[in-house]
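Quick notes on the structure that follows.
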There are 2 protein chains.
Amino acid sequence: MKYRAKIEVSLKPGHTDPEGNTTQRLLKELGYSVDAVNVSKTYNIQIEATTAKDAKAKAEEMAKRLLANPTKDNYTITIEEQK
Amino acid sequence: MKYRAKIEVSLKPGHTDPEGNTTQRLLKELGYSVDAVNVSKTYNIQIEATTAKDAKAKAEEMAKRLLANPTKDNYTITIEEQK
């Protein structure tokens, strides 16, 4: 079965997010009152797996081995069945 | 009230996603069979608004004015009440 894994990789709290800070400054300059802006990256991956649980385990492995840096990144995984 | 807007900006279909393609190649080299990889960017923004509807309208405006490029980007907005 085909599944769609969404792996959202974001910076752990305490790490500087220059892109988020710049975006916040620009939004303020446009007149919006925003308190905090964080930017994260989402990988949408189509994977072949037998069950949703299996798809989640694969996505978890991909995040650990390639997509997220354990020193500075957190990640969250959501799995959807592919239509 | 404080709300947390998640604005996910992704490439419109048909646009080349070099980062997605490279990630797909690397995942294949690591032995995973992945069919497609798309990378998108998510802005997590804390905004002050009176209602969730108002927060969504503001986030929509921010996406249009600054965060998404209408020629090549799609965006989706989700609003959560801030704990």
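Just so we're on the same page: first chain in the structure tokens is A, next is B, and so on; residues restart at 1 for each chain, and ligands are numbered from 1 in the order they show up.
Within chain B, the backbone-based DSSP assignment of helix (DSSP H, G or I) covers Pro18, Glu19, Gly20, Asn21, Thr22, Thr23, Gln24, Arg25, Leu26, Leu27, Lys28, Glu29, Ala52, Lys53, Asp54, Ala55, Lys56, Ala57, Lys58, Ala59, Glu60, Glu61, Met62, Ala63, Lys64, Arg65, Leu66 and Leu67 of chain B.
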Give me the residues within 12 Å of Thr16 of chain B as a PDB file with N, CA, C and O atoms, in the first residue's frame, counting only C-alpha atoms and dropping any in the same chain fewer than 4 places off.
ATOM      1  N   SER B  10       4.275  25.380  -0.271  1.00  0.00           N
ATOM      2  CA  SER B  10       4.875  24.320  -1.095  1.00  0.00           C
ATOM      3  C   SER B  10       4.852  24.729  -2.559  1.00  0.00           C
ATOM      4  O   SER B  10       4.102  25.620  -2.952  1.00  0.00           O
ATOM      5  N   LEU B  11       5.676  24.089  -3.358  1.00  0.00           N
ATOM      6  CA  LEU B  11       5.730  24.416  -4.786  1.00  0.00           C
ATOM      7  C   LEU B  11       4.474  23.908  -5.488  1.00  0.00           C
ATOM      8  O   LEU B  11       3.976  22.828  -5.181  1.00  0.00           O
ATOM      9  N   LYS B  12       3.967  24.681  -6.444  1.00  0.00           N
ATOM     10  CA  LYS B  12       2.845  24.215  -7.260  1.00  0.00           C
ATOM     11  C   LYS B  12       3.295  23.031  -8.104  1.00  0.00           C
ATOM     12  O   LYS B  12       4.477  22.943  -8.464  1.00  0.00           O
ATOM     13  N   GLY B  20      13.875  18.321  -3.078  1.00  0.00           N
ATOM     14  CA  GLY B  20      13.106  17.081  -3.010  1.00  0.00           C
ATOM     15  C   GLY B  20      13.765  15.974  -3.819  1.00  0.00           C
ATOM     16  O   GLY B  20      13.870  14.829  -3.363  1.00  0.00           O
ATOM     17  N   ASN B  21      14.236  16.338  -5.020  1.00  0.00           N
ATOM     18  CA  ASN B  21      14.864  15.329  -5.872  1.00  0.00           C
ATOM     19  C   ASN B  21      16.144  14.780  -5.252  1.00  0.00           C
ATOM     20  O   ASN B  21      16.395  13.572  -5.301  1.00  0.00           O
ATOM     21  N   THR B  22      16.945  15.670  -4.683  1.00  0.00           N
ATOM     22  CA  THR B  22      18.188  15.227  -4.049  1.00  0.00           C
ATOM     23  C   THR B  22      17.882  14.332  -2.849  1.00  0.00           C
ATOM     24  O   THR B  22      18.513  13.289  -2.656  1.00  0.00           O
ATOM     25  N   VAL B  37       9.372  12.786  -3.432  1.00  0.00           N
ATOM     26  CA  VAL B  37       9.673  13.582  -2.242  1.00  0.00           C
ATOM     27  C   VAL B  37       9.465  15.059  -2.584  1.00  0.00           C
ATOM     28  O   VAL B  37       9.997  15.545  -3.584  1.00  0.00           O
ATOM     29  N   ASN B  38       8.650  15.727  -1.810  1.00  0.00           N
ATOM     30  CA  ASN B  38       8.494  17.172  -1.963  1.00  0.00           C
ATOM     31  C   ASN B  38       8.882  17.840  -0.663  1.00  0.00           C
ATOM     32  O   ASN B  38       8.565  17.323   0.401  1.00  0.00           O
ATOM     33  N   VAL B  39       9.550  18.968  -0.790  1.00  0.00           N
ATOM     34  CA  VAL B  39       9.950  19.685   0.407  1.00  0.00           C
ATOM     35  C   VAL B  39       9.152  20.979   0.475  1.00  0.00           C
ATOM     36  O   VAL B  39       9.029  21.692  -0.520  1.00  0.00           O
ATOM     37  N   LYS B  72       4.580  30.523  -8.161  1.00  0.00           N
ATOM     38  CA  LYS B  72       5.077  29.160  -8.042  1.00  0.00           C
ATOM     39  C   LYS B  72       4.659  28.438  -6.749  1.00  0.00           C
ATOM     40  O   LYS B  72       4.890  27.241  -6.624  1.00  0.00           O
ATOM     41  N   ASP B  73       4.055  29.151  -5.805  1.00  0.00           N
ATOM     42  CA  ASP B  73       3.764  28.512  -4.512  1.00  0.00           C
ATOM     43  C   ASP B  73       2.273  28.323  -4.230  1.00  0.00           C
ATOM     44  O   ASP B  73       1.452  29.172  -4.573  1.00  0.00           O
TER      45      ASP B  73
END
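From atom CA of Thr76 of chain A back to atom CA of Tyr3 of chain A, the distance works out to 16.0 Å.
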inquiry  = as JSON, numbers by chain, please: the residues near Gln24 of chain A (cut-off 10 Å, only C-alpha atoms, same-chain neighbours under 4 positions excluded).
reply    = {"A": [18, 19, 20, 28, 29, 30, 32, 33, 34, 35, 36, 37, 38], "B": [45, 46]}
ask   = Skipping near chain neighbours, those fewer than 4 positions away, what residues fall within 9 Å of Leu66 of chain A using only C-alpha atoms, listed as a PyMOL selection string?
value = (chain A and resi 61-62) or (chain B and resi 23+26-27+30)
